[in-house]
Amino acid sequence: MMRPATMIRSACLRNFSQSLRVGSAFLKSGDFCRYTSQAAASLQQVCEPSAYSDDESADHMDWDNLGFGLTPADYMYTMKCSNDYFEKGRLSRYGKIELSPSSGVLNYGQGLFEGMKAYRKEDGQLILFRPDQNATRLQTGAERMCMPSPSIDQFIDAVKQTALANKRWVPPPGKGSLYIRPLLVGSGPILGLAPAPEYTFLVFASPVGNYFKEGLAPLNLYVEDEFHRATPGGAGGVKAISNYAPVLKAISRAKNRGFSDVLYLDSVNKKNLEEVSSCNIFILKGNIISTPATSGTILAGITRKSIIEIASDYGFQVEERTIPVDELLEADEVFCTGTAVVVAPVGSITYRGKRIEFKTGAQSVCRELYSTLVGIQTGLIKDNKGWTFEIN
Ligand SMILES: Cc1ncc(COP(=O)(O)O)c(C=O)c1O
C-alpha cells in the first residue's frame, strides 16, 4: 500500500501537471510564467518534504474508544472563488487559515457547511455515501445565502481528495468513520451588508465514533417550547452556519438537566414537531412511519431521505406531514436520523414535565433500519441503489 506522504506527493504532481495544462490553455505567455511559478511555489508549500514529516498519531489512535470530537486529520482542501469562478483547489496540511477581519463570514455569517462520512471496507477500500446529495444541498444553500457554489464534480472531487489524503485516519471497519466537513464561506472583505466579494470552499476531516455519549443507547429528548430553531422564510431549511449557534443555549440547558438533546417545535403554532438540533425525527405507529414535512424550516437530511426509501422498501407506509407534539403520546417508537447520529433510538421525550417512553432495543424497527443503512454505508450489504462511491 502506498504511504500517505507518497500518495499525496504523486497527487500533487498530478495536480501540478493539470495546473500547467490549464495554464497553457487559458493564459497569455507572461501570465503563464507567473502562473507556473505560483503553481510551483504552492506545490513546494504543499509537498515540501519538511512539511511531510508524517505525524504518527494516526498509528496510535485508540480506535475502540473513539467519540465524536475533533481529531484533525493531516490534510485539508481549499478552493477559492472570485468573480463566480472557482479556481483549482489544492490539498495542504491541516492548519490555520488567513481571514480578513472584515470577511463576510465573520461579520454577517455568510457561510454553509456539510457533513459526510467515509468508511473503510474490510478490503481496505474507502466508501463515500451519497456525496452528490451533499453537493446538491450545498448548491441549494448557496443560492439561499447569495453565494456561488462549486459544481457537483468539483465538490465530489474535493471530498474524494480529502478522504484519500487522510486515508490513514479512516478507522478500521466497524470502529467508526472519517467525518468530512466541507465549508463554503464568504471570505472576502466587505463593510455594509452585502454578499462578500470572494469565497472559500474548504474541506477538512476528523475520525469519529458515536455522536452521543450514550453510544447506541436510547436518547432522552427534551421538547423545547421557548427557543426555536427556525422560522418560516428564514434559512432553517439549508445548512447555514448561522442556524447552529442560536440553539447552543437550548442544548446546554437540556444537557444540564440530564437530557441528550432538544426536540424543537414549529415557531408559529408552537405545537408541531420540527427536528432535533442536528438530526431529523421519525415516529412509528403500527405500520406507519411519519416524519415532519420539510417546508423551509427543517433541514432535508440525506439520512432522512435514505431512511424514507429503506422503510418504504420494507413495506412501511411512510408519511411526510405535520406531526402535532401530542402524537408522541401514541407513538410506538421514535428515532432520529443524521450523518453524525446515523439512526438513533429515542427512549423518552419530556414535554411540559411529562415523560413519554418508547420501545427500543434489538427487536425495534429503528434497529432494523439502522442495520440496513449502516450495512449499505459500510459495504456489508450490497448497494442496489447506487448510493455508495468506492474511492481509491
Ligand atoms: C439541523 C439538522 N437536521 C438534520 C440533519 C441531518 O442531515 P443529514 O442526514 O444530511 O446528515 C442535520 C445534519 O446535517 C442537521 O444539522
# chains A, B, ... in the order shown; residues from 1 in each chain; ligands from 1

$ residues_near_ligand --ligand "ligand 1" --cutoff "7 Å" --atoms "only C-alpha atoms and all ligand atoms" --output "NGL selection string"
:A and (114-116 or 239 or 275-280 or 298-304 or 337-340)

$ select_by_dssp --residues "region 83-150 of chain A" --states "strand (DSSP E or B)" --output "VMD selection string"
chain A and resid 85 to 86 90 to 93 103 111 to 113 116 to 120 126 to 129

$ atom_distance --atom1 "CA of Pro218 (chain A)" --atom2 "CA of Ser267 (chain A)"
26.8 Å

$ atom_distance --atom1 "CA of Ser290 (chain A)" --atom2 "CA of Ala362 (chain A)"
20.9 Å

$ closest_residue --among "A:Ala293, A:Leu221, A:Ala194, A:Leu126" --to "Gln110 (chain A)" --atoms "only C-alpha atoms"
A:Ala194

$ residues_around --residues "Thr294 (chain A)" --least-positions-apart "5" --cutoff "12 Å" --atoms "only C-alpha atoms" --output "mmCIF file with N, CA, C and O atoms, in the first residue's frame"
data_model
loop_
_atom_site.group_PDB
_atom_site.id
_atom_site.type_symbol
_atom_site.label_atom_id
_atom_site.label_comp_id
_atom_site.auth_asym_id
_atom_site.auth_seq_id
_atom_site.Cartn_x
_atom_site.Cartn_y
_atom_site.Cartn_z
ATOM 1 N N ALA A 230 -35.867 27.612 13.890
ATOM 2 C CA ALA A 230 -36.046 28.251 12.573
ATOM 3 C C ALA A 230 -37.428 28.882 12.478
ATOM 4 O O ALA A 230 -38.348 28.493 13.205
ATOM 5 N N PRO A 232 -40.485 30.410 9.523
ATOM 6 C CA PRO A 232 -40.833 30.382 8.100
ATOM 7 C C PRO A 232 -40.202 31.582 7.382
ATOM 8 O O PRO A 232 -40.223 32.698 7.904
ATOM 9 N N GLY A 236 -33.707 28.010 7.928
ATOM 10 C CA GLY A 236 -33.676 26.724 8.632
ATOM 11 C C GLY A 236 -33.572 25.527 7.707
ATOM 12 O O GLY A 236 -33.081 24.473 8.102
ATOM 13 N N GLY A 237 -34.032 25.699 6.471
ATOM 14 C CA GLY A 237 -34.046 24.581 5.529
ATOM 15 C C GLY A 237 -32.714 24.336 4.836
ATOM 16 O O GLY A 237 -32.584 23.382 4.073
ATOM 17 N N VAL A 238 -31.729 25.223 5.075
ATOM 18 C CA VAL A 238 -30.407 24.999 4.480
ATOM 19 C C VAL A 238 -29.386 24.883 5.612
ATOM 20 O O VAL A 238 -29.665 25.227 6.757
ATOM 21 N N ASP A 266 -42.449 23.897 15.978
ATOM 22 C CA ASP A 266 -42.542 24.982 14.990
ATOM 23 C C ASP A 266 -42.785 26.305 15.725
ATOM 24 O O ASP A 266 -43.430 26.333 16.783
ATOM 25 N N LEU A 273 -43.996 19.059 15.620
ATOM 26 C CA LEU A 273 -42.596 18.643 15.695
ATOM 27 C C LEU A 273 -41.825 19.203 14.501
ATOM 28 O O LEU A 273 -42.346 19.219 13.386
ATOM 29 N N GLU A 274 -40.585 19.632 14.768
ATOM 30 C CA GLU A 274 -39.722 20.053 13.659
ATOM 31 C C GLU A 274 -38.558 19.075 13.554
ATOM 32 O O GLU A 274 -38.626 18.122 12.836
ATOM 33 N N GLU A 275 -37.497 19.297 14.316
ATOM 34 C CA GLU A 275 -36.360 18.377 14.287
ATOM 35 C C GLU A 275 -35.541 18.554 15.558
ATOM 36 O O GLU A 275 -35.853 19.389 16.405
ATOM 37 N N ASN A 280 -32.844 14.742 12.081
ATOM 38 C CA ASN A 280 -34.289 14.696 11.814
ATOM 39 C C ASN A 280 -34.951 13.675 12.727
ATOM 40 O O ASN A 280 -34.285 12.837 13.320
ATOM 41 N N ILE A 281 -36.277 13.759 12.816
ATOM 42 C CA ILE A 281 -37.001 12.869 13.727
ATOM 43 C C ILE A 281 -38.088 12.085 12.987
ATOM 44 O O ILE A 281 -38.696 12.597 12.037
ATOM 45 N N LEU A 299 -34.178 20.957 8.045
ATOM 46 C CA LEU A 299 -33.161 20.536 7.076
ATOM 47 C C LEU A 299 -33.561 19.207 6.451
ATOM 48 O O LEU A 299 -33.902 18.257 7.159
ATOM 49 N N ALA A 300 -33.516 19.153 5.134
ATOM 50 C CA ALA A 300 -33.832 17.907 4.421
ATOM 51 C C ALA A 300 -32.620 16.982 4.501
ATOM 52 O O ALA A 300 -31.715 17.034 3.663
ATOM 53 N N GLY A 301 -32.602 16.165 5.527
ATOM 54 C CA GLY A 301 -31.447 15.302 5.782
ATOM 55 C C GLY A 301 -31.291 14.237 4.705
ATOM 56 O O GLY A 301 -32.276 13.700 4.185
ATOM 57 N N ARG A 304 -32.312 11.084 6.344
ATOM 58 C CA ARG A 304 -33.786 11.081 6.369
ATOM 59 C C ARG A 304 -34.325 10.542 5.046
ATOM 60 O O ARG A 304 -35.155 9.630 5.012
ATOM 61 N N LYS A 305 -33.810 11.092 3.962
ATOM 62 C CA LYS A 305 -34.251 10.687 2.626
ATOM 63 C C LYS A 305 -33.960 9.199 2.396
ATOM 64 O O LYS A 305 -34.792 8.468 1.838
ATOM 65 N N GLU A 319 -44.976 8.581 5.801
ATOM 66 C CA GLU A 319 -45.703 9.847 5.595
ATOM 67 C C GLU A 319 -44.825 11.029 5.980
ATOM 68 O O GLU A 319 -44.241 11.037 7.072
ATOM 69 N N GLU A 320 -44.746 12.013 5.097
ATOM 70 C CA GLU A 320 -44.085 13.282 5.421
ATOM 71 C C GLU A 320 -45.214 14.280 5.616
ATOM 72 O O GLU A 320 -45.927 14.600 4.665
ATOM 73 N N ARG A 321 -45.375 14.755 6.838
ATOM 74 C CA ARG A 321 -46.575 15.560 7.131
ATOM 75 C C ARG A 321 -46.369 16.384 8.399
ATOM 76 O O ARG A 321 -45.321 16.283 9.059
ATOM 77 N N THR A 322 -47.384 17.139 8.768
ATOM 78 C CA THR A 322 -47.363 17.870 10.029
ATOM 79 C C THR A 322 -47.624 16.877 11.165
ATOM 80 O O THR A 322 -48.572 16.085 11.083
ATOM 81 N N ILE A 323 -46.790 16.914 12.198
ATOM 82 C CA ILE A 323 -46.983 15.984 13.321
ATOM 83 C C ILE A 323 -47.141 16.778 14.629
ATOM 84 O O ILE A 323 -46.154 17.308 15.163
#

$ select_by_dssp --residues "region 88-121 of chain A" --states "helix (DSSP H, G or I)" --output "list in words"
Gly104, Val105, Leu106, Asn107 and Tyr108 of chain A
